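Step one of this worksheet: look at the structure below.
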Amino acid sequence: MADASPVINDRHELVDWLAAGGKPRERWRIGTEHEKFGFTWDDLRPLPYDGDRSIRVLLEGLRDRYGWQGVHEGETLIALEHPDGANITLEPAGQLELSGAQLEHLHQTCCEVNGHLAQVKSIADPLGIGFLGMGFQPKWSRADMPWMPKGRYAIMRRYMPTRGDLGLDMMTRTCTVQVNLDFADEADMVRKFRVALALQPVATALFADSPFTEGRPNGFMSFRSQIWTDTDPDRTGMLDFVFEDGFGFERYADYLLDVPMYFVYRDGNYIDAAGQSFRDFLDGRLPALPGERPTIKDWADHATTAFPEVRLKRYLEMRGADGGPWGRLCALPAFWVGLLYDDTALDAAWDLVKDVSMAERNALRDTVPRLALKTPFRDGTVLDLARQAVAIAAGGLARRDYRNTHSADERIYLEPLIEFLDAGLSPAEQKLALYHGEWNGSVDPLFRQFAY
């Protein structure tokens, strides 16, 4: 039986669903998400789902102490919801993710992040559990990583190796921080989408923080970003068509229709539809559910299974950054809010990238994972481009003029990025210097020095 969601009768309803995300400026909000690796302090191992020191115990503690509501698959606790709209969810290997509420300004975002981490630490510390923010698990192999008991992950785990060599690493050993931002209408969406895609490699370089694999340097500054290039070509990449004349909601809907499906969710169960076509589903010819037609919820679920550098749902998701330490989590939303939520900044950002060719955009995407801020670009490097982008973002935040109780505006959250720009080094390069210096060739000190 289909879930209680309207059945799709016409392809135009898919486009309308995307377009319905448009909002007037006064309703634009900021939604920040971040993932983190849990580990046990005595052996630095990742957390299993069950046991005395486990993901389940953490979720139960947060639920019982702080008023979160449990979300279950069958009898299994898999997530938490809060009345303010925030969610705590699990990535495939137990990476704990906060999907924040929709907030008006970055001071609220930082309060939310700090409040969440304080709650998590209050449960984790007595259990000898710590959390680390990086783009890639620095110590443990894929085989060492646990799997969470979620139905969609079982389907993806089977399907991923048929599409790329690193999909299971993406699932189990990566963490990101991202921000979800609104648009006014189709024209505004297109402008923001193009700026965000063109500058996504700059964000990757600024936040590059995944230089280790299984305890050793891996040759990359953002191995997390590199992993996406060998995960699934059907659902990743720079979406060159976004820059073509006529791009809009309809063209993106066509793209989503060409992304193979993973699953259909019915009556609490995930039905395996991996590799099947949503176009066939529209025609009632889906092999997994013969004769059944999709609902709007099926379309919304399907939209979450595309993984480009910028993703459109009913808002735009900035997906290019590695996860990082506590003090840097507010910098990612600050960067993008400054660029995209102020018209003068958005115009300046477009001027910065409008003549960058498709070949240049893809060259940046391909090279930044290895070289980060040192990636060559025209007569300089990505460092030069990043300095200009951060300056534009700072101007946008200044004009927004949201101030905290100390009268500081939102530019304060760009300070970690300015430090990297002044040093000319990405976070990964700073960690590599420590690895080759005071850490004496070991990543173990990283856990203590950079834990939340």
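Residues in the structure tokens are named by chain (A, B, ... in the order shown) and by number from 1 within that chain; ligands are numbered from 1 in the order shown.
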Q: With a distance cut-off of 8 Å and only C-alpha atoms, select the neighbouring residues of Phe263 (chain A), excluding the residue or stretch itself and same-chain residues fewer than 2 positions from it, and output the selection as a ChimeraX atom specification.
A: /A:152,155,261,265,270-274
List every residue of region 391-418 of chain A that has an atom at most 10 Å from any atom of region 203-223 of chain A, giving for each one its closest atom pair and the distance in Å to one decimal, counting only C-alpha atoms, sorted by chain and then by ascending residue number, as JSON lines.
{"residue": "A:Pro416", "atom": "CA", "partner": "A:Leu206", "partner_atom": "CA", "distance": 9.6}
{"residue": "A:Leu417", "atom": "CA", "partner": "A:Leu206", "partner_atom": "CA", "distance": 6.8}
{"residue": "A:Ile418", "atom": "CA", "partner": "A:Leu206", "partner_atom": "CA", "distance": 9.6}
Q. Skipping near chain neighbours, those fewer than 3 positions away, what residues fall within 10 Å of Leu197 (chain A) using only C-alpha atoms, listed as a list in words?
A. Lys192, Phe193, Arg194, Gln200, Pro201, Val202, Gly237, Met238, Leu239, Asp240, Val242, Phe243, Pro308, Glu309, Val310, Arg311, Met318, Arg319, Gly320, Val353, Arg361 and Arg365 of chain A
(Q) Can you tell me which residues surround Gly395 (chain A) at a distance of at most 12 Å, considering only C-alpha atoms, apart from same-chain residues fewer than 4 positions away, and format the answer as a list in words? (A) Ala334, Phe335, Trp336, Val337, Gly338, Leu339, Leu340, Tyr341, Asp342, Asp343, Thr344, Ala345, Leu346, Asp347, Ala348, Ala349, Gln388, Ala389, Val390, Ala391, Arg399, Arg400, Asp401, Asp409, Glu410, Arg411 and Leu414 of chain A
At a cut-off of 9 Å, can you tabulate as CSV every residue of region 61-168 of chain A near region 43-46 of chain A together with its closest atom pair and the distance in Å to one decimal, using only C-alpha atoms and ordering rows by chain then number?
residue,atom,partner,partner_atom,distance
A:Ala93,CA,A:Pro46,CA,8.3
A:Gly94,CA,A:Pro46,CA,8.1
A:Ile129,CA,A:Leu44,CA,8.9
A:Gly130,CA,A:Leu44,CA,8.5
A:Lys139,CA,A:Leu44,CA,8.6
A:Trp140,CA,A:Arg45,CA,7.6
A:Asp144,CA,A:Pro46,CA,7.9
A:Met145,CA,A:Pro46,CA,6.5
A:Pro146,CA,A:Pro46,CA,7.3
Q: Check the smallest atom-to-atom distance from each of A:Ser357, A:Leu316, A:Arg25, A:Gln95 to Leu47 (chain A) using only C-alpha atoms, then report the winner.
A: A:Gln95
Q) Out of region 7-176 of chain A, which residues get alpha helix (DSSP H) from DSSP, as a ChimeraX atom specification? A) /A:12-19,55-66,106-124,151-159,167-173
Q) Restricting the calculation to only C-alpha atoms, which member of A:Asp188, A:Asp232, A:Glu33, A:Asp366 is positioned closest to Arg163 (chain A)? A)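 Using only C-alpha atoms, Arg163 (chain A) sits closest to A:Asp232.
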Q. Near Leu14 (chain A), within 12 Å and counting only C-alpha atoms, which residues show up once chain neighbours fewer than 3 positions away are dropped, as an MDAnalysis selection string?
A. chainID A and resid 6:11 17:20 249:257 278:279 282 294:300 302:303 313:314
Write a file of the just-selected residues containing N, CA and C atoms, as a CSV table (one decimal), in the first residue's frame.
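In the end it all went to selection.csv:
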chain,number,residue,atom,x,y,z
A,6,PRO,N,0.3,12.3,-2.1
A,6,PRO,CA,-0.4,12.3,-3.4
A,6,PRO,C,0.4,11.5,-4.5
A,7,VAL,N,-0.4,10.8,-5.3
A,7,VAL,CA,0.2,10.1,-6.4
A,7,VAL,C,0.5,11.1,-7.5
A,8,ILE,N,1.6,10.9,-8.2
A,8,ILE,CA,2.0,11.8,-9.3
A,8,ILE,C,1.3,11.4,-10.5
A,9,ASN,N,0.5,12.3,-11.1
A,9,ASN,CA,-0.3,12.0,-12.3
A,9,ASN,C,0.4,12.6,-13.5
A,10,ASP,N,1.3,13.6,-13.3
A,10,ASP,CA,1.8,14.3,-14.5
A,10,ASP,C,3.3,14.7,-14.2
A,11,ARG,N,4.1,14.6,-15.2
A,11,ARG,CA,5.6,14.9,-15.0
A,11,ARG,C,5.7,16.3,-14.5
A,17,TRP,N,7.1,20.6,-7.7
A,17,TRP,CA,7.6,20.3,-6.4
A,17,TRP,C,8.9,21.0,-6.1
A,18,LEU,N,9.8,21.1,-7.1
A,18,LEU,CA,11.0,21.8,-6.9
A,18,LEU,C,10.8,23.3,-6.8
A,19,ALA,N,9.9,23.8,-7.7
A,19,ALA,CA,9.6,25.2,-7.8
A,19,ALA,C,8.9,25.7,-6.5
A,20,ALA,N,8.2,24.9,-5.8
A,20,ALA,CA,7.5,25.3,-4.6
A,20,ALA,C,8.4,25.7,-3.5
A,249,PHE,N,14.2,24.7,-13.3
A,249,PHE,CA,13.6,23.5,-12.6
A,249,PHE,C,13.3,22.3,-13.5
A,250,GLU,N,12.9,22.6,-14.7
A,250,GLU,CA,12.5,21.5,-15.5
A,250,GLU,C,13.8,20.7,-15.9
A,251,ARG,N,14.8,21.4,-16.2
A,251,ARG,CA,16.1,20.7,-16.6
A,251,ARG,C,16.6,19.9,-15.5
A,252,TYR,N,16.5,20.4,-14.2
A,252,TYR,CA,17.0,19.6,-13.1
A,252,TYR,C,16.1,18.4,-12.8
A,253,ALA,N,14.8,18.6,-13.0
A,253,ALA,CA,13.9,17.4,-12.9
A,253,ALA,C,14.3,16.3,-13.9
A,254,ASP,N,14.6,16.7,-15.1
A,254,ASP,CA,15.1,15.7,-16.1
A,254,ASP,C,16.3,15.0,-15.6
A,255,TYR,N,17.3,15.8,-15.1
A,255,TYR,CA,18.5,15.2,-14.5
A,255,TYR,C,18.1,14.1,-13.5
A,256,LEU,N,17.3,14.5,-12.5
A,256,LEU,CA,16.9,13.5,-11.5
A,256,LEU,C,16.2,12.3,-12.0
A,257,LEU,N,15.4,12.5,-13.1
A,257,LEU,CA,14.8,11.3,-13.7
A,257,LEU,C,15.8,10.4,-14.3
A,278,PHE,N,13.2,5.9,-12.5
A,278,PHE,CA,12.0,6.7,-12.0
A,278,PHE,C,11.1,7.0,-13.2
A,279,ARG,N,11.6,7.1,-14.4
A,279,ARG,CA,10.8,7.3,-15.6
A,279,ARG,C,9.8,6.1,-15.7
A,282,LEU,N,7.1,6.3,-13.2
A,282,LEU,CA,6.0,7.2,-13.6
A,282,LEU,C,5.0,6.5,-14.5
A,294,PRO,N,4.4,6.4,-8.6
A,294,PRO,CA,5.1,7.1,-7.5
A,294,PRO,C,4.2,8.1,-6.8
A,295,THR,N,4.5,8.4,-5.6
A,295,THR,CA,3.9,9.6,-4.9
A,295,THR,C,4.9,10.7,-4.8
A,296,ILE,N,4.5,11.9,-4.4
A,296,ILE,CA,5.3,13.0,-4.2
A,296,ILE,C,6.4,12.7,-3.2
A,297,LYS,N,6.1,11.9,-2.2
A,297,LYS,CA,7.2,11.6,-1.2
A,297,LYS,C,8.2,10.7,-1.9
A,298,ASP,N,7.8,9.8,-2.8
A,298,ASP,CA,8.8,9.0,-3.5
A,298,ASP,C,9.8,9.9,-4.3
A,299,TRP,N,9.2,11.0,-4.9
A,299,TRP,CA,10.1,11.9,-5.7
A,299,TRP,C,11.0,12.6,-4.7
A,300,ALA,N,10.5,13.1,-3.6
A,300,ALA,CA,11.3,13.8,-2.6
A,300,ALA,C,12.4,12.8,-2.1
A,302,HIS,N,13.7,10.3,-3.8
A,302,HIS,CA,14.6,10.1,-4.9
A,302,HIS,C,15.6,11.3,-5.0
A,303,ALA,N,15.1,12.5,-4.8
A,303,ALA,CA,16.0,13.7,-4.9
A,303,ALA,C,17.1,13.6,-3.9
A,313,LYS,N,17.0,20.6,-4.0
A,313,LYS,CA,15.8,20.0,-3.6
A,313,LYS,C,14.7,21.1,-3.6
A,314,ARG,N,14.2,21.4,-2.4
A,314,ARG,CA,13.4,22.7,-2.4
A,314,ARG,C,14.3,23.8,-1.8
Q. Do you know which residues are at most 12 Å from Leu96 (chain A) counting only C-alpha atoms, after dropping those on the same chain fewer than 4 positions away, and could you put them as an NGL selection string?
A. :A and (33-39 or 46-49 or 54-56 or 58-59 or 78-80 or 87-92 or 116-117 or 120 or 130-133 or 148 or 172 or 174-177 or 323)
Write the residues of the preceding selection, restricted to N, CA and C atoms, as an mmCIF file, in the first residue's frame.
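Done, and the output landed in out-v3.cif:
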data_model
loop_
_atom_site.group_PDB
_atom_site.id
_atom_site.type_symbol
_atom_site.label_atom_id
_atom_site.label_comp_id
_atom_site.auth_asym_id
_atom_site.auth_seq_id
_atom_site.Cartn_x
_atom_site.Cartn_y
_atom_site.Cartn_z
ATOM 1 N N GLU A 33 24.240 21.422 8.457
ATOM 2 C CA GLU A 33 24.396 20.008 8.797
ATOM 3 C C GLU A 33 25.881 19.716 8.997
ATOM 4 N N HIS A 34 26.165 18.923 10.012
ATOM 5 C CA HIS A 34 27.552 18.468 10.144
ATOM 6 C C HIS A 34 27.601 17.057 10.696
ATOM 7 N N GLU A 35 28.610 16.317 10.220
ATOM 8 C CA GLU A 35 28.822 14.930 10.624
ATOM 9 C C GLU A 35 30.136 14.829 11.387
ATOM 10 N N LYS A 36 30.213 13.828 12.266
ATOM 11 C CA LYS A 36 31.416 13.643 13.079
ATOM 12 C C LYS A 36 31.609 12.161 13.396
ATOM 13 N N PHE A 37 32.881 11.791 13.526
ATOM 14 C CA PHE A 37 33.236 10.410 13.845
ATOM 15 C C PHE A 37 33.248 10.211 15.359
ATOM 16 N N GLY A 38 32.493 9.245 15.844
ATOM 17 C CA GLY A 38 32.590 8.859 17.241
ATOM 18 C C GLY A 38 33.667 7.799 17.433
ATOM 19 N N PHE A 39 34.308 7.827 18.592
ATOM 20 C CA PHE A 39 35.348 6.830 18.888
ATOM 21 C C PHE A 39 35.453 6.645 20.395
ATOM 22 N N PRO A 46 36.113 3.124 16.192
ATOM 23 C CA PRO A 46 34.780 3.663 15.911
ATOM 24 C C PRO A 46 33.712 2.975 16.743
ATOM 25 N N LEU A 47 32.596 3.673 16.932
ATOM 26 C CA LEU A 47 31.543 3.161 17.803
ATOM 27 C C LEU A 47 30.644 2.173 17.063
ATOM 28 N N PRO A 48 30.359 1.023 17.677
ATOM 29 C CA PRO A 48 29.358 0.125 17.097
ATOM 30 C C PRO A 48 27.953 0.664 17.353
ATOM 31 N N TYR A 49 26.966 0.045 16.726
ATOM 32 C CA TYR A 49 25.596 0.468 17.004
ATOM 33 C C TYR A 49 25.166 0.031 18.394
ATOM 34 N N SER A 54 28.162 2.882 22.749
ATOM 35 C CA SER A 54 27.661 2.671 21.396
ATOM 36 C C SER A 54 26.811 3.841 20.924
ATOM 37 N N ILE A 55 26.530 3.823 19.642
ATOM 38 C CA ILE A 55 25.631 4.809 19.048
ATOM 39 C C ILE A 55 24.245 4.729 19.684
ATOM 40 N N ARG A 56 23.745 3.532 19.896
ATOM 41 C CA ARG A 56 22.415 3.391 20.485
ATOM 42 C C ARG A 56 22.350 4.027 21.863
ATOM 43 N N LEU A 58 24.179 6.463 22.999
ATOM 44 C CA LEU A 58 24.211 7.913 22.820
ATOM 45 C C LEU A 58 22.838 8.461 22.442
ATOM 46 N N LEU A 59 22.193 7.819 21.470
ATOM 47 C CA LEU A 59 20.871 8.273 21.052
ATOM 48 C C LEU A 59 19.878 8.195 22.205
ATOM 49 N N ILE A 78 16.916 4.761 15.203
ATOM 50 C CA ILE A 78 17.881 5.140 14.160
ATOM 51 C C ILE A 78 18.102 6.640 14.057
ATOM 52 N N ALA A 79 17.289 7.458 14.742
ATOM 53 C CA ALA A 79 17.425 8.910 14.608
ATOM 54 C C ALA A 79 16.643 9.568 15.731
ATOM 55 N N LEU A 80 16.816 10.893 15.837
ATOM 56 C CA LEU A 80 16.103 11.696 16.824
ATOM 57 C C LEU A 80 15.542 12.934 16.141
ATOM 58 N N ASN A 87 17.221 17.553 13.568
ATOM 59 C CA ASN A 87 17.267 16.091 13.588
ATOM 60 C C ASN A 87 18.685 15.634 13.875
ATOM 61 N N ILE A 88 18.798 14.502 14.544
ATOM 62 C CA ILE A 88 20.082 13.814 14.691
ATOM 63 C C ILE A 88 19.943 12.487 13.969
ATOM 64 N N THR A 89 20.790 12.278 12.977
ATOM 65 C CA THR A 89 20.692 11.081 12.153
ATOM 66 C C THR A 89 22.036 10.363 12.111
ATOM 67 N N LEU A 90 22.022 9.166 11.530
ATOM 68 C CA LEU A 90 23.215 8.341 11.456
ATOM 69 C C LEU A 90 23.617 8.132 10.007
ATOM 70 N N GLU A 91 24.866 8.402 9.710
ATOM 71 C CA GLU A 91 25.432 7.982 8.438
ATOM 72 C C GLU A 91 25.762 6.483 8.527
ATOM 73 N N PRO A 92 26.139 5.851 7.424
ATOM 74 C CA PRO A 92 26.206 4.384 7.403
ATOM 75 C C PRO A 92 27.090 3.736 8.456
ATOM 76 N N HIS A 116 24.228 21.668 20.646
ATOM 77 C CA HIS A 116 24.216 20.253 20.269
ATOM 78 C C HIS A 116 25.472 19.537 20.768
ATOM 79 N N LEU A 117 26.634 20.143 20.512
ATOM 80 C CA LEU A 117 27.873 19.479 20.918
ATOM 81 C C LEU A 117 27.979 19.379 22.434
ATOM 82 N N VAL A 120 25.847 16.385 23.339
ATOM 83 C CA VAL A 120 26.511 15.138 22.969
ATOM 84 C C VAL A 120 27.642 14.822 23.943
ATOM 85 N N GLY A 130 34.611 9.945 22.487
ATOM 86 C CA GLY A 130 34.962 11.244 21.929
ATOM 87 C C GLY A 130 34.433 11.375 20.511
ATOM 88 N N PHE A 131 34.536 12.587 19.967
ATOM 89 C CA PHE A 131 34.111 12.837 18.587
ATOM 90 C C PHE A 131 35.167 13.657 17.871
ATOM 91 N N LEU A 132 35.344 13.336 16.598
ATOM 92 C CA LEU A 132 36.360 13.967 15.768
ATOM 93 C C LEU A 132 35.716 14.499 14.502
ATOM 94 N N GLY A 133 36.049 15.728 14.136
ATOM 95 C CA GLY A 133 35.594 16.293 12.879
ATOM 96 C C GLY A 133 36.723 16.343 11.864
ATOM 97 N N MET A 148 25.475 0.640 10.324
ATOM 98 C CA MET A 148 24.273 0.931 11.089
ATOM 99 C C MET A 148 23.078 0.153 10.515
ATOM 100 N N THR A 172 31.161 4.938 4.630
ATOM 101 C CA THR A 172 31.620 4.567 5.970
ATOM 102 C C THR A 172 32.728 5.440 6.541
ATOM 103 N N THR A 174 33.676 8.896 5.500
ATOM 104 C CA THR A 174 33.717 10.334 5.235
ATOM 105 C C THR A 174 32.760 11.092 6.143
ATOM 106 N N CYS A 175 33.087 12.365 6.352
ATOM 107 C CA CYS A 175 32.220 13.295 7.069
ATOM 108 C C CYS A 175 32.271 14.649 6.354
ATOM 109 N N THR A 176 31.161 15.355 6.386
ATOM 110 C CA THR A 176 31.082 16.656 5.734
ATOM 111 C C THR A 176 30.393 17.660 6.644
ATOM 112 N N VAL A 177 30.514 18.915 6.281
ATOM 113 C CA VAL A 177 29.670 19.977 6.828
ATOM 114 C C VAL A 177 29.059 20.678 5.629
ATOM 115 N N GLY A 323 34.266 17.726 6.684
ATOM 116 C CA GLY A 323 33.983 17.997 8.082
ATOM 117 C C GLY A 323 35.216 18.545 8.772
#
**Q.** For His72 (chain A), the nearest of the candidates A:Asp165, A:Glu60, A:Glu415, A:Asp245, counting only C-alpha atoms
**A.**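 Distance minimum relative to His72 (chain A) lands on A:Glu60.
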Identify all residues of region 283-379 of chain A in strand (DSSP E or B) (DSSP on the backbone) and supply them as a CSV table (one decimal) with C-alpha atoms, in the first residue's frame.
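Contents of result-v4.csv, as written:
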chain,number,residue,atom,x,y,z
A,295,THR,CA,3.9,9.6,-4.9
A,307,PHE,CA,25.0,13.5,-4.9
A,308,PRO,CA,26.4,16.4,-7.1
A,310,VAL,CA,25.5,21.3,-5.3
A,311,ARG,CA,22.2,19.6,-4.9
A,312,LEU,CA,18.7,21.1,-5.6
A,316,LEU,CA,20.2,24.4,-2.5
A,317,GLU,CA,22.7,22.3,-0.6
A,318,MET,CA,26.4,23.2,-0.6
A,322,ASP,CA,35.2,18.3,4.5
A,376,PRO,CA,47.0,26.4,-10.2
A,377,PHE,CA,44.3,28.7,-11.7
Q: Counting only C-alpha atoms, figure out which residue out of A:Thr304, A:Thr32, A:Gln119, A:Ser225 gets nearest to Thr367 (chain A).
A: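 Residue with the minimum atom-to-atom distance to Thr367 (chain A): A:Ser225.
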(Q) Please determine, counting only C-alpha atoms, which residue among A:Asp422, A:Glu292, A:Glu73, A:Glu112 has the shortest atom-to-atom distance to Gly268 (chain A). (A) A:Glu73
Q: Find the residue from A:Pro369, A:Gly327, A:Gly424, A:Gly135 that sits nearest to Ala386 (chain A); use only C-alpha atoms when measuring.
A: A:Gly424
Q: Give me the residues within 9 Å of Glu186 (chain A) as a ChimeraX atom specification, counting only C-alpha atoms and dropping any in the same chain fewer than 2 places off.
A: /A:19,22,183-184,188-191,248-249
